[in-house]
$ cat target_22.txt   # compact mmCIF, N, CA and C atoms
# COMPACT_ATOMS: atom_id res chain seq x y z
N MET A 153 60.39 38.88 27.45
CA MET A 153 59.90 38.36 28.73
C MET A 153 58.58 37.61 28.54
N ALA A 154 57.66 38.19 27.77
CA ALA A 154 56.36 37.53 27.58
C ALA A 154 56.55 36.18 26.89
N ARG A 155 57.47 36.12 25.94
CA ARG A 155 57.75 34.86 25.26
C ARG A 155 58.27 33.82 26.24
N ASP A 156 59.12 34.24 27.16
CA ASP A 156 59.68 33.32 28.16
C ASP A 156 58.59 32.80 29.10
N VAL A 157 57.66 33.67 29.46
CA VAL A 157 56.54 33.25 30.31
C VAL A 157 55.67 32.23 29.57
N VAL A 158 55.39 32.51 28.30
CA VAL A 158 54.57 31.59 27.50
C VAL A 158 55.26 30.24 27.36
N LEU A 159 56.55 30.23 27.07
CA LEU A 159 57.30 28.97 26.95
C LEU A 159 57.28 28.20 28.27
N THR A 160 57.45 28.91 29.37
CA THR A 160 57.42 28.28 30.69
C THR A 160 56.05 27.66 30.96
N LEU A 161 55.00 28.40 30.65
CA LEU A 161 53.64 27.90 30.87
C LEU A 161 53.34 26.71 29.97
N LEU A 162 53.79 26.78 28.71
CA LEU A 162 53.55 25.66 27.79
C LEU A 162 54.23 24.38 28.29
N LEU A 163 55.48 24.50 28.72
CA LEU A 163 56.17 23.31 29.22
C LEU A 163 55.52 22.81 30.51
N THR A 164 55.01 23.74 31.31
CA THR A 164 54.37 23.38 32.58
C THR A 164 53.08 22.60 32.37
N ILE A 165 52.33 22.90 31.32
CA ILE A 165 51.05 22.21 31.13
C ILE A 165 51.15 20.96 30.27
N LEU A 166 52.33 20.66 29.76
CA LEU A 166 52.51 19.42 29.00
C LEU A 166 52.51 18.22 29.94
N PRO A 167 51.89 17.13 29.54
CA PRO A 167 51.75 15.98 30.44
C PRO A 167 53.05 15.36 30.93
N ILE A 168 54.07 15.30 30.12
CA ILE A 168 55.30 14.63 30.55
C ILE A 168 56.14 15.52 31.46
N SER A 169 56.33 16.76 31.09
CA SER A 169 57.23 17.62 31.86
C SER A 169 56.54 18.27 33.06
N GLU A 170 55.34 18.76 32.87
CA GLU A 170 54.61 19.51 33.89
C GLU A 170 55.52 20.55 34.53
N LEU A 171 55.35 20.84 35.81
CA LEU A 171 56.17 21.89 36.40
C LEU A 171 57.59 21.43 36.65
N ARG A 172 57.83 20.12 36.56
CA ARG A 172 59.18 19.60 36.70
C ARG A 172 60.09 20.09 35.57
N GLY A 173 59.49 20.45 34.47
CA GLY A 173 60.25 21.05 33.36
C GLY A 173 60.05 22.54 33.28
N GLY A 174 58.86 23.01 33.65
CA GLY A 174 58.54 24.42 33.53
C GLY A 174 59.35 25.32 34.47
N ILE A 175 59.51 24.89 35.70
CA ILE A 175 60.26 25.72 36.67
C ILE A 175 61.73 25.87 36.26
N PRO A 176 62.44 24.77 35.99
CA PRO A 176 63.83 24.96 35.56
C PRO A 176 63.96 25.78 34.28
N LEU A 177 63.02 25.59 33.34
CA LEU A 177 63.07 26.37 32.10
C LEU A 177 62.89 27.86 32.40
N GLY A 178 61.86 28.20 33.15
CA GLY A 178 61.61 29.61 33.45
C GLY A 178 62.77 30.28 34.14
N ILE A 179 63.35 29.59 35.11
CA ILE A 179 64.49 30.16 35.84
C ILE A 179 65.69 30.28 34.91
N SER A 180 65.92 29.27 34.05
CA SER A 180 67.06 29.33 33.13
C SER A 180 66.87 30.43 32.07
N LEU A 181 65.63 30.78 31.78
CA LEU A 181 65.36 31.87 30.82
C LEU A 181 65.49 33.25 31.46
N GLY A 182 65.74 33.28 32.77
CA GLY A 182 65.94 34.56 33.45
C GLY A 182 64.72 35.13 34.12
N LEU A 183 63.63 34.37 34.16
CA LEU A 183 62.45 34.86 34.88
C LEU A 183 62.73 34.86 36.38
N ASP A 184 62.05 35.72 37.09
CA ASP A 184 62.19 35.75 38.55
C ASP A 184 61.82 34.37 39.10
N PRO A 185 62.68 33.77 39.91
CA PRO A 185 62.42 32.41 40.40
C PRO A 185 61.10 32.25 41.16
N VAL A 186 60.76 33.20 42.01
CA VAL A 186 59.52 33.10 42.78
C VAL A 186 58.30 33.25 41.86
N PHE A 187 58.40 34.16 40.90
CA PHE A 187 57.34 34.33 39.91
C PHE A 187 57.17 33.05 39.10
N THR A 188 58.29 32.45 38.70
CA THR A 188 58.25 31.20 37.94
C THR A 188 57.57 30.10 38.74
N LEU A 189 57.94 29.97 40.01
CA LEU A 189 57.31 28.98 40.88
C LEU A 189 55.80 29.22 40.95
N PHE A 190 55.42 30.45 41.15
CA PHE A 190 54.01 30.80 41.29
C PHE A 190 53.20 30.45 40.04
N ILE A 191 53.68 30.89 38.87
CA ILE A 191 52.89 30.64 37.66
C ILE A 191 52.88 29.16 37.29
N ALA A 192 53.97 28.46 37.59
CA ALA A 192 54.03 27.02 37.28
C ALA A 192 53.05 26.24 38.16
N VAL A 193 53.01 26.57 39.44
CA VAL A 193 52.09 25.87 40.36
C VAL A 193 50.65 26.16 39.97
N ILE A 194 50.33 27.41 39.71
CA ILE A 194 48.95 27.76 39.34
C ILE A 194 48.55 27.07 38.02
N ALA A 195 49.39 27.19 37.00
CA ALA A 195 49.06 26.60 35.70
C ALA A 195 48.93 25.09 35.79
N ASN A 196 49.87 24.45 36.47
CA ASN A 196 49.84 23.00 36.58
C ASN A 196 48.65 22.55 37.42
N GLY A 197 48.37 23.24 38.51
CA GLY A 197 47.24 22.90 39.36
C GLY A 197 45.90 23.04 38.66
N LEU A 198 45.78 24.06 37.83
CA LEU A 198 44.52 24.28 37.12
C LEU A 198 44.26 23.26 36.01
N MET A 199 45.29 22.50 35.65
CA MET A 199 45.09 21.44 34.66
C MET A 199 44.15 20.36 35.18
N PHE A 200 43.94 20.34 36.49
CA PHE A 200 43.01 19.38 37.09
C PHE A 200 41.65 19.43 36.40
N PHE A 201 41.14 20.62 36.18
CA PHE A 201 39.78 20.76 35.68
C PHE A 201 39.56 20.22 34.27
N PRO A 202 40.39 20.60 33.28
CA PRO A 202 40.15 20.00 31.96
C PRO A 202 40.38 18.49 31.93
N ILE A 203 41.30 18.01 32.76
CA ILE A 203 41.55 16.56 32.78
C ILE A 203 40.37 15.84 33.40
N PHE A 204 39.98 16.23 34.61
CA PHE A 204 38.92 15.53 35.34
C PHE A 204 37.59 15.60 34.59
N PHE A 205 37.19 16.80 34.22
CA PHE A 205 35.89 16.94 33.56
C PHE A 205 35.94 16.51 32.10
N GLY A 206 37.12 16.57 31.48
CA GLY A 206 37.28 16.03 30.14
C GLY A 206 37.12 14.52 30.13
N LEU A 207 37.70 13.85 31.12
CA LEU A 207 37.52 12.39 31.23
C LEU A 207 36.05 12.05 31.47
N ARG A 208 35.41 12.83 32.33
CA ARG A 208 33.99 12.58 32.60
C ARG A 208 33.15 12.74 31.33
N LEU A 209 33.42 13.80 30.58
CA LEU A 209 32.69 14.05 29.34
C LEU A 209 32.97 12.95 28.31
N PHE A 210 34.23 12.56 28.17
CA PHE A 210 34.61 11.50 27.24
C PHE A 210 33.92 10.19 27.60
N TYR A 211 33.85 9.91 28.89
CA TYR A 211 33.16 8.70 29.34
C TYR A 211 31.66 8.80 29.04
N ASP A 212 31.05 9.91 29.43
CA ASP A 212 29.61 10.08 29.24
C ASP A 212 29.21 10.05 27.78
N ARG A 213 30.04 10.58 26.89
CA ARG A 213 29.70 10.66 25.47
C ARG A 213 30.06 9.40 24.68
N LEU A 214 31.11 8.70 25.11
CA LEU A 214 31.58 7.60 24.28
C LEU A 214 31.80 6.29 25.05
N LEU A 215 32.61 6.35 26.06
CA LEU A 215 33.04 5.11 26.72
C LEU A 215 31.92 4.35 27.43
N CYS A 216 30.91 5.07 27.90
CA CYS A 216 29.81 4.39 28.59
C CYS A 216 29.02 3.48 27.65
N ARG A 217 29.19 3.69 26.35
CA ARG A 217 28.49 2.87 25.35
C ARG A 217 29.21 1.54 25.08
N ILE A 218 30.39 1.39 25.65
CA ILE A 218 31.16 0.17 25.46
C ILE A 218 30.98 -0.69 26.71
N PRO A 219 30.16 -1.73 26.64
CA PRO A 219 29.84 -2.52 27.83
C PRO A 219 31.07 -3.07 28.55
N LEU A 220 32.08 -3.50 27.82
CA LEU A 220 33.28 -4.05 28.45
C LEU A 220 33.99 -2.98 29.29
N PHE A 221 34.12 -1.78 28.75
CA PHE A 221 34.75 -0.70 29.50
C PHE A 221 33.91 -0.31 30.70
N ASP A 222 32.61 -0.26 30.51
CA ASP A 222 31.72 0.10 31.60
C ASP A 222 31.84 -0.89 32.76
N ARG A 223 31.87 -2.17 32.44
CA ARG A 223 32.04 -3.20 33.49
C ARG A 223 33.40 -3.07 34.16
N TYR A 224 34.43 -2.80 33.37
CA TYR A 224 35.78 -2.64 33.91
C TYR A 224 35.83 -1.45 34.86
N LEU A 225 35.26 -0.33 34.46
CA LEU A 225 35.26 0.86 35.30
C LEU A 225 34.50 0.61 36.59
N TYR A 226 33.38 -0.05 36.50
CA TYR A 226 32.61 -0.38 37.70
C TYR A 226 33.45 -1.25 38.63
N SER A 227 34.14 -2.23 38.08
CA SER A 227 34.96 -3.13 38.87
C SER A 227 36.12 -2.39 39.55
N VAL A 228 36.79 -1.53 38.81
CA VAL A 228 37.90 -0.75 39.38
C VAL A 228 37.40 0.14 40.51
N ARG A 229 36.29 0.80 40.30
CA ARG A 229 35.75 1.70 41.33
C ARG A 229 35.28 0.93 42.56
N ARG A 230 34.70 -0.23 42.36
CA ARG A 230 34.25 -1.05 43.49
C ARG A 230 35.45 -1.53 44.31
N ARG A 231 36.47 -2.02 43.60
CA ARG A 231 37.66 -2.52 44.30
C ARG A 231 38.48 -1.38 44.92
N GLY A 232 38.46 -0.22 44.30
CA GLY A 232 39.25 0.90 44.79
C GLY A 232 38.59 1.69 45.90
N LYS A 233 37.29 1.53 46.08
CA LYS A 233 36.56 2.32 47.07
C LYS A 233 37.16 2.24 48.47
N PRO A 234 37.48 1.04 48.99
CA PRO A 234 38.08 1.01 50.34
C PRO A 234 39.39 1.80 50.43
N LYS A 235 40.18 1.74 49.39
CA LYS A 235 41.45 2.48 49.41
C LYS A 235 41.21 3.99 49.30
N VAL A 236 40.23 4.38 48.49
CA VAL A 236 39.91 5.80 48.38
C VAL A 236 39.37 6.30 49.72
N ASP A 237 38.51 5.50 50.35
CA ASP A 237 37.98 5.90 51.65
C ASP A 237 39.08 6.04 52.69
N LYS A 238 40.08 5.17 52.59
CA LYS A 238 41.16 5.17 53.59
C LYS A 238 42.25 6.19 53.28
N TYR A 239 42.70 6.25 52.01
CA TYR A 239 43.85 7.07 51.66
C TYR A 239 43.54 8.22 50.70
N GLY A 240 42.31 8.35 50.27
CA GLY A 240 41.94 9.25 49.18
C GLY A 240 42.69 10.56 49.10
N PHE A 241 42.43 11.49 49.99
CA PHE A 241 43.02 12.82 49.93
C PHE A 241 44.54 12.74 50.04
N TRP A 242 45.02 12.08 51.11
CA TRP A 242 46.46 12.04 51.38
C TRP A 242 47.20 11.22 50.35
N GLY A 243 46.62 10.13 49.91
CA GLY A 243 47.26 9.30 48.89
C GLY A 243 47.43 10.05 47.59
N LEU A 244 46.38 10.74 47.18
CA LEU A 244 46.44 11.53 45.95
C LEU A 244 47.45 12.66 46.09
N MET A 245 47.43 13.35 47.22
CA MET A 245 48.35 14.45 47.44
C MET A 245 49.80 13.98 47.37
N PHE A 246 50.12 12.87 48.05
CA PHE A 246 51.50 12.37 48.04
C PHE A 246 51.93 11.90 46.65
N MET A 247 51.01 11.28 45.93
CA MET A 247 51.35 10.82 44.59
C MET A 247 51.68 11.99 43.66
N VAL A 248 50.87 13.03 43.71
CA VAL A 248 51.10 14.20 42.87
C VAL A 248 52.34 14.97 43.34
N ALA A 249 52.62 14.93 44.64
CA ALA A 249 53.75 15.69 45.20
C ALA A 249 55.11 15.11 44.83
N LEU A 250 55.17 13.83 44.52
CA LEU A 250 56.47 13.24 44.15
C LEU A 250 56.94 13.86 42.84
N PRO A 251 58.07 14.54 42.86
CA PRO A 251 58.53 15.18 41.62
C PRO A 251 59.25 14.19 40.70
N LEU A 252 58.54 13.17 40.30
CA LEU A 252 59.07 12.14 39.41
C LEU A 252 58.20 12.08 38.16
N PRO A 253 58.74 11.55 37.07
CA PRO A 253 57.90 11.39 35.89
C PRO A 253 56.70 10.47 36.20
N ILE A 254 55.59 10.78 35.63
CA ILE A 254 54.35 10.01 35.73
C ILE A 254 53.72 10.05 37.12
N THR A 255 54.03 11.06 37.92
CA THR A 255 53.38 11.17 39.22
C THR A 255 52.74 12.54 39.41
N GLY A 256 52.54 13.27 38.36
CA GLY A 256 52.02 14.63 38.48
C GLY A 256 50.51 14.72 38.45
N VAL A 257 50.04 15.91 38.14
CA VAL A 257 48.61 16.19 38.18
C VAL A 257 47.84 15.42 37.11
N TYR A 258 48.45 15.13 35.99
CA TYR A 258 47.75 14.37 34.95
C TYR A 258 47.41 12.97 35.45
N THR A 259 48.40 12.29 35.97
CA THR A 259 48.18 10.93 36.47
C THR A 259 47.29 10.94 37.71
N GLY A 260 47.56 11.86 38.62
CA GLY A 260 46.76 11.93 39.85
C GLY A 260 45.30 12.24 39.57
N THR A 261 45.04 13.17 38.66
CA THR A 261 43.66 13.52 38.32
C THR A 261 42.97 12.37 37.60
N SER A 262 43.69 11.72 36.70
CA SER A 262 43.12 10.57 36.00
C SER A 262 42.77 9.46 36.98
N LEU A 263 43.64 9.24 37.95
CA LEU A 263 43.38 8.23 38.98
C LEU A 263 42.18 8.64 39.84
N ALA A 264 42.09 9.91 40.18
CA ALA A 264 40.95 10.39 40.97
C ALA A 264 39.64 10.16 40.22
N TRP A 265 39.65 10.43 38.92
CA TRP A 265 38.43 10.19 38.13
C TRP A 265 38.15 8.70 38.04
N LEU A 266 39.18 7.92 37.75
CA LEU A 266 39.01 6.48 37.60
C LEU A 266 38.44 5.85 38.87
N LEU A 267 38.88 6.33 40.03
CA LEU A 267 38.41 5.76 41.30
C LEU A 267 37.18 6.48 41.84
N ASP A 268 36.62 7.37 41.03
CA ASP A 268 35.37 8.06 41.36
C ASP A 268 35.46 8.93 42.61
N MET A 269 36.59 9.61 42.78
CA MET A 269 36.72 10.55 43.89
C MET A 269 35.88 11.79 43.57
N ASP A 270 35.33 12.37 44.59
CA ASP A 270 34.61 13.63 44.44
C ASP A 270 35.62 14.71 44.05
N TRP A 271 35.34 15.45 43.01
CA TRP A 271 36.30 16.45 42.54
C TRP A 271 36.57 17.51 43.59
N ARG A 272 35.61 17.76 44.48
CA ARG A 272 35.79 18.78 45.52
C ARG A 272 36.83 18.34 46.55
N LYS A 273 37.06 17.05 46.66
CA LYS A 273 38.11 16.54 47.55
C LYS A 273 39.40 16.30 46.76
N ALA A 274 39.26 15.88 45.53
CA ALA A 274 40.44 15.56 44.72
C ALA A 274 41.21 16.82 44.31
N PHE A 275 40.50 17.90 43.99
CA PHE A 275 41.20 19.11 43.55
C PHE A 275 42.12 19.69 44.63
N PRO A 276 41.66 19.88 45.87
CA PRO A 276 42.59 20.39 46.89
C PRO A 276 43.79 19.47 47.11
N ALA A 277 43.56 18.16 47.05
CA ALA A 277 44.67 17.21 47.21
C ALA A 277 45.67 17.37 46.07
N ALA A 278 45.16 17.47 44.85
CA ALA A 278 46.04 17.64 43.69
C ALA A 278 46.77 18.98 43.76
N LEU A 279 46.08 20.03 44.14
CA LEU A 279 46.71 21.35 44.22
C LEU A 279 47.79 21.39 45.30
N LEU A 280 47.52 20.77 46.42
CA LEU A 280 48.53 20.71 47.48
C LEU A 280 49.73 19.89 47.02
N GLY A 281 49.47 18.78 46.33
CA GLY A 281 50.55 17.97 45.79
C GLY A 281 51.39 18.73 44.77
N VAL A 282 50.73 19.46 43.89
CA VAL A 282 51.43 20.28 42.90
C VAL A 282 52.28 21.33 43.60
N SER A 283 51.75 21.93 44.64
CA SER A 283 52.49 22.96 45.39
C SER A 283 53.75 22.37 46.02
N ILE A 284 53.62 21.21 46.63
CA ILE A 284 54.77 20.55 47.25
C ILE A 284 55.81 20.19 46.19
N ALA A 285 55.36 19.60 45.09
CA ALA A 285 56.27 19.24 44.01
C ALA A 285 56.97 20.49 43.46
N GLY A 286 56.21 21.57 43.31
CA GLY A 286 56.78 22.81 42.82
C GLY A 286 57.87 23.35 43.72
N VAL A 287 57.64 23.30 45.01
CA VAL A 287 58.65 23.79 45.97
C VAL A 287 59.90 22.89 45.91
N ILE A 288 59.70 21.59 45.82
CA ILE A 288 60.85 20.67 45.74
C ILE A 288 61.66 20.94 44.48
N VAL A 289 60.98 21.06 43.34
CA VAL A 289 61.67 21.34 42.07
C VAL A 289 62.36 22.69 42.14
N PHE A 290 61.70 23.68 42.72
CA PHE A 290 62.28 25.02 42.88
C PHE A 290 63.56 24.96 43.70
N LEU A 291 63.50 24.26 44.83
CA LEU A 291 64.67 24.17 45.71
C LEU A 291 65.83 23.44 45.03
N ILE A 292 65.51 22.41 44.28
CA ILE A 292 66.56 21.68 43.53
C ILE A 292 67.14 22.58 42.44
N THR A 293 66.27 23.27 41.71
CA THR A 293 66.72 24.14 40.62
C THR A 293 67.60 25.28 41.15
N MET A 294 67.26 25.80 42.30
CA MET A 294 68.02 26.90 42.89
C MET A 294 69.30 26.40 43.58
N GLY A 295 69.46 25.09 43.67
CA GLY A 295 70.65 24.53 44.30
C GLY A 295 70.60 24.52 45.81
N ILE A 296 69.43 24.73 46.37
CA ILE A 296 69.28 24.75 47.82
C ILE A 296 69.32 23.34 48.40
N ILE A 297 68.73 22.41 47.66
CA ILE A 297 68.84 21.00 48.03
C ILE A 297 69.34 20.24 46.81
N ARG A 298 69.89 19.06 47.06
CA ARG A 298 70.40 18.24 45.96
C ARG A 298 69.40 17.16 45.62
N ALA A 299 69.29 16.89 44.35
CA ALA A 299 68.43 15.79 43.90
C ALA A 299 69.12 14.48 44.23
N PRO A 300 68.34 13.47 44.62
CA PRO A 300 68.96 12.18 44.97
C PRO A 300 69.61 11.51 43.77
$ encode --input "target_22.txt" --output "structure tokens"
Amino acid sequence: MARDVVLTLLLTILPISELRGGIPLGISLGLDPVFTLFIAVIANGLMFFPIFFGLRLFYDRLLCRIPLFDRYLYSVRRRGKPKVDKYGFWGLMFMVALPLPITGVYTGTSLAWLLDMDWRKAFPAALLGVSIAGVIVFLITMGIIRAP
């Protein structure tokens, strides 16, 4: 059982699969479906912190020294500010909530950092999005709804 939980968590925190792979794996390994949903959502949601603050640290230590990147980042943030002000929380939440490849917490958190969203607003949006995606994947895996 512990090995199955570890495998489920590992697949859940990988950038490509995230909980879209972790939930079906955990359920197929015989873990309790609700427990699998819970640990996948928590593990995937908590990935926000190493991604967001890791990007900040990487920028502060290395990328800020590259003038071209610094100008590019400033330009992206300046152009993105109106959209963040208008759609920030809800836009991030919906993007992370789509249970499709490249729309999970890794991409959403990276976008939040790139557009200079306050992490205190971005984290709840990402966590809510992860929760919605987790429920959708759970319902599809359990056969309650059909995938399009």
$ atom_distance --input "target_22.txt" --atom1 "CA of Met245 in chain A" --atom2 "CA of Leu263 in chain A"
11.6 Å
$ closest_residue --input "target_22.txt" --among "A:Leu267, A:Leu252, A:Ala195, A:Ile203" --to "Lys233 in chain A" --atoms "only N, CA and C atoms"
A:Leu267
$ residues_around --input "target_22.txt" --residues "Ala154 in chain A" --least-positions-apart "4" --cutoff "12 Å" --atoms "only C-alpha atoms" --output "PDB file with N, CA and C atoms, keeping the file's coordinate frame"
ATOM      1  N   VAL A 158      55.390  32.510  28.300  1.00  0.00           N
ATOM      2  CA  VAL A 158      54.570  31.590  27.500  1.00  0.00           C
ATOM      3  C   VAL A 158      55.260  30.240  27.360  1.00  0.00           C
ATOM      4  N   LEU A 159      56.550  30.230  27.070  1.00  0.00           N
ATOM      5  CA  LEU A 159      57.300  28.970  26.950  1.00  0.00           C
ATOM      6  C   LEU A 159      57.280  28.200  28.270  1.00  0.00           C
ATOM      7  N   THR A 160      57.450  28.910  29.370  1.00  0.00           N
ATOM      8  CA  THR A 160      57.420  28.280  30.690  1.00  0.00           C
ATOM      9  C   THR A 160      56.050  27.660  30.960  1.00  0.00           C
ATOM     10  N   LEU A 161      55.000  28.400  30.650  1.00  0.00           N
ATOM     11  CA  LEU A 161      53.640  27.900  30.870  1.00  0.00           C
ATOM     12  C   LEU A 161      53.340  26.710  29.970  1.00  0.00           C
ATOM     13  N   GLY A 178      61.860  28.200  33.150  1.00  0.00           N
ATOM     14  CA  GLY A 178      61.610  29.610  33.450  1.00  0.00           C
ATOM     15  C   GLY A 178      62.770  30.280  34.140  1.00  0.00           C
ATOM     16  N   LEU A 181      65.630  30.780  31.780  1.00  0.00           N
ATOM     17  CA  LEU A 181      65.360  31.870  30.820  1.00  0.00           C
ATOM     18  C   LEU A 181      65.490  33.250  31.460  1.00  0.00           C
ATOM     19  N   GLY A 182      65.740  33.280  32.770  1.00  0.00           N
ATOM     20  CA  GLY A 182      65.940  34.560  33.450  1.00  0.00           C
ATOM     21  C   GLY A 182      64.720  35.130  34.120  1.00  0.00           C
ATOM     22  N   LEU A 183      63.630  34.370  34.160  1.00  0.00           N
ATOM     23  CA  LEU A 183      62.450  34.860  34.880  1.00  0.00           C
ATOM     24  C   LEU A 183      62.730  34.860  36.380  1.00  0.00           C
TER      25      LEU A 183
END
$ atom_distance --input "target_22.txt" --atom1 "CA of Ala285 in chain A" --atom2 "CA of Lys238 in chain A"
22.8 Å
$ residues_around --input "target_22.txt" --residues "Val186 in chain A" --least-positions-apart "2" --cutoff "12 Å" --atoms "only C-alpha atoms" --output "short mmCIF file (atom, residue, chain, number, x, y, z; two decimals) with N, CA and C atoms, in the frame of the given file"
data_model
loop_
_atom_site.label_atom_id
_atom_site.label_comp_id
_atom_site.auth_asym_id
_atom_site.auth_seq_id
_atom_site.Cartn_x
_atom_site.Cartn_y
_atom_site.Cartn_z
N ILE A 175 59.51 24.89 35.70
CA ILE A 175 60.26 25.72 36.67
C ILE A 175 61.73 25.87 36.26
N PRO A 176 62.44 24.77 35.99
CA PRO A 176 63.83 24.96 35.56
C PRO A 176 63.96 25.78 34.28
N GLY A 178 61.86 28.20 33.15
CA GLY A 178 61.61 29.61 33.45
C GLY A 178 62.77 30.28 34.14
N ILE A 179 63.35 29.59 35.11
CA ILE A 179 64.49 30.16 35.84
C ILE A 179 65.69 30.28 34.91
N GLY A 182 65.74 33.28 32.77
CA GLY A 182 65.94 34.56 33.45
C GLY A 182 64.72 35.13 34.12
N LEU A 183 63.63 34.37 34.16
CA LEU A 183 62.45 34.86 34.88
C LEU A 183 62.73 34.86 36.38
N ASP A 184 62.05 35.72 37.09
CA ASP A 184 62.19 35.75 38.55
C ASP A 184 61.82 34.37 39.10
N THR A 188 58.29 32.45 38.70
CA THR A 188 58.25 31.20 37.94
C THR A 188 57.57 30.10 38.74
N LEU A 189 57.94 29.97 40.01
CA LEU A 189 57.31 28.98 40.88
C LEU A 189 55.80 29.22 40.95
N PHE A 190 55.42 30.45 41.15
CA PHE A 190 54.01 30.80 41.29
C PHE A 190 53.20 30.45 40.04
N ILE A 191 53.68 30.89 38.87
CA ILE A 191 52.89 30.64 37.66
C ILE A 191 52.88 29.16 37.29
N ALA A 192 53.97 28.46 37.59
CA ALA A 192 54.03 27.02 37.28
C ALA A 192 53.05 26.24 38.16
N VAL A 193 53.01 26.57 39.44
CA VAL A 193 52.09 25.87 40.36
C VAL A 193 50.65 26.16 39.97
N GLY A 286 56.21 21.57 43.31
CA GLY A 286 56.78 22.81 42.82
C GLY A 286 57.87 23.35 43.72
N VAL A 287 57.64 23.30 45.01
CA VAL A 287 58.65 23.79 45.97
C VAL A 287 59.90 22.89 45.91
N VAL A 289 60.98 21.06 43.34
CA VAL A 289 61.67 21.34 42.07
C VAL A 289 62.36 22.69 42.14
N PHE A 290 61.70 23.68 42.72
CA PHE A 290 62.28 25.02 42.88
C PHE A 290 63.56 24.96 43.70
N LEU A 291 63.50 24.26 44.83
CA LEU A 291 64.67 24.17 45.71
C LEU A 291 65.83 23.44 45.03
N THR A 293 66.27 23.27 41.71
CA THR A 293 66.72 24.14 40.62
C THR A 293 67.60 25.28 41.15
N MET A 294 67.26 25.80 42.30
CA MET A 294 68.02 26.90 42.89
C MET A 294 69.30 26.40 43.58
#
$ atom_distance --input "target_22.txt" --atom1 "CA of Leu215 in chain A" --atom2 "CA of Leu266 in chain A"
12.5 Å
$ select_by_dssp --input "target_22.txt" --residues "range 157-291 of chain A" --states "alpha helix (DSSP H)" --output "ChimeraX atom specification"
/A:157-165,170-180,185-198,200-213,219-249,257-266,271-291
$ closest_residue --input "target_22.txt" --among "A:Leu177, A:Leu198, A:Ile297, A:Leu214" --to "Leu279 in chain A" --atoms "all atoms listed in the file"
A:Leu198
$ closest_residue --input "target_22.txt" --among "A:Leu171, A:Val236, A:Ile165, A:Ser180" --to "Met269 in chain A" --atoms "all atoms listed in the file"
A:Val236
$ closest_residue --input "target_22.txt" --among "A:Leu220, A:Ala277, A:Pro234, A:Arg229" --to "Phe246 in chain A" --atoms "all atoms listed in the file"
A:Ala277
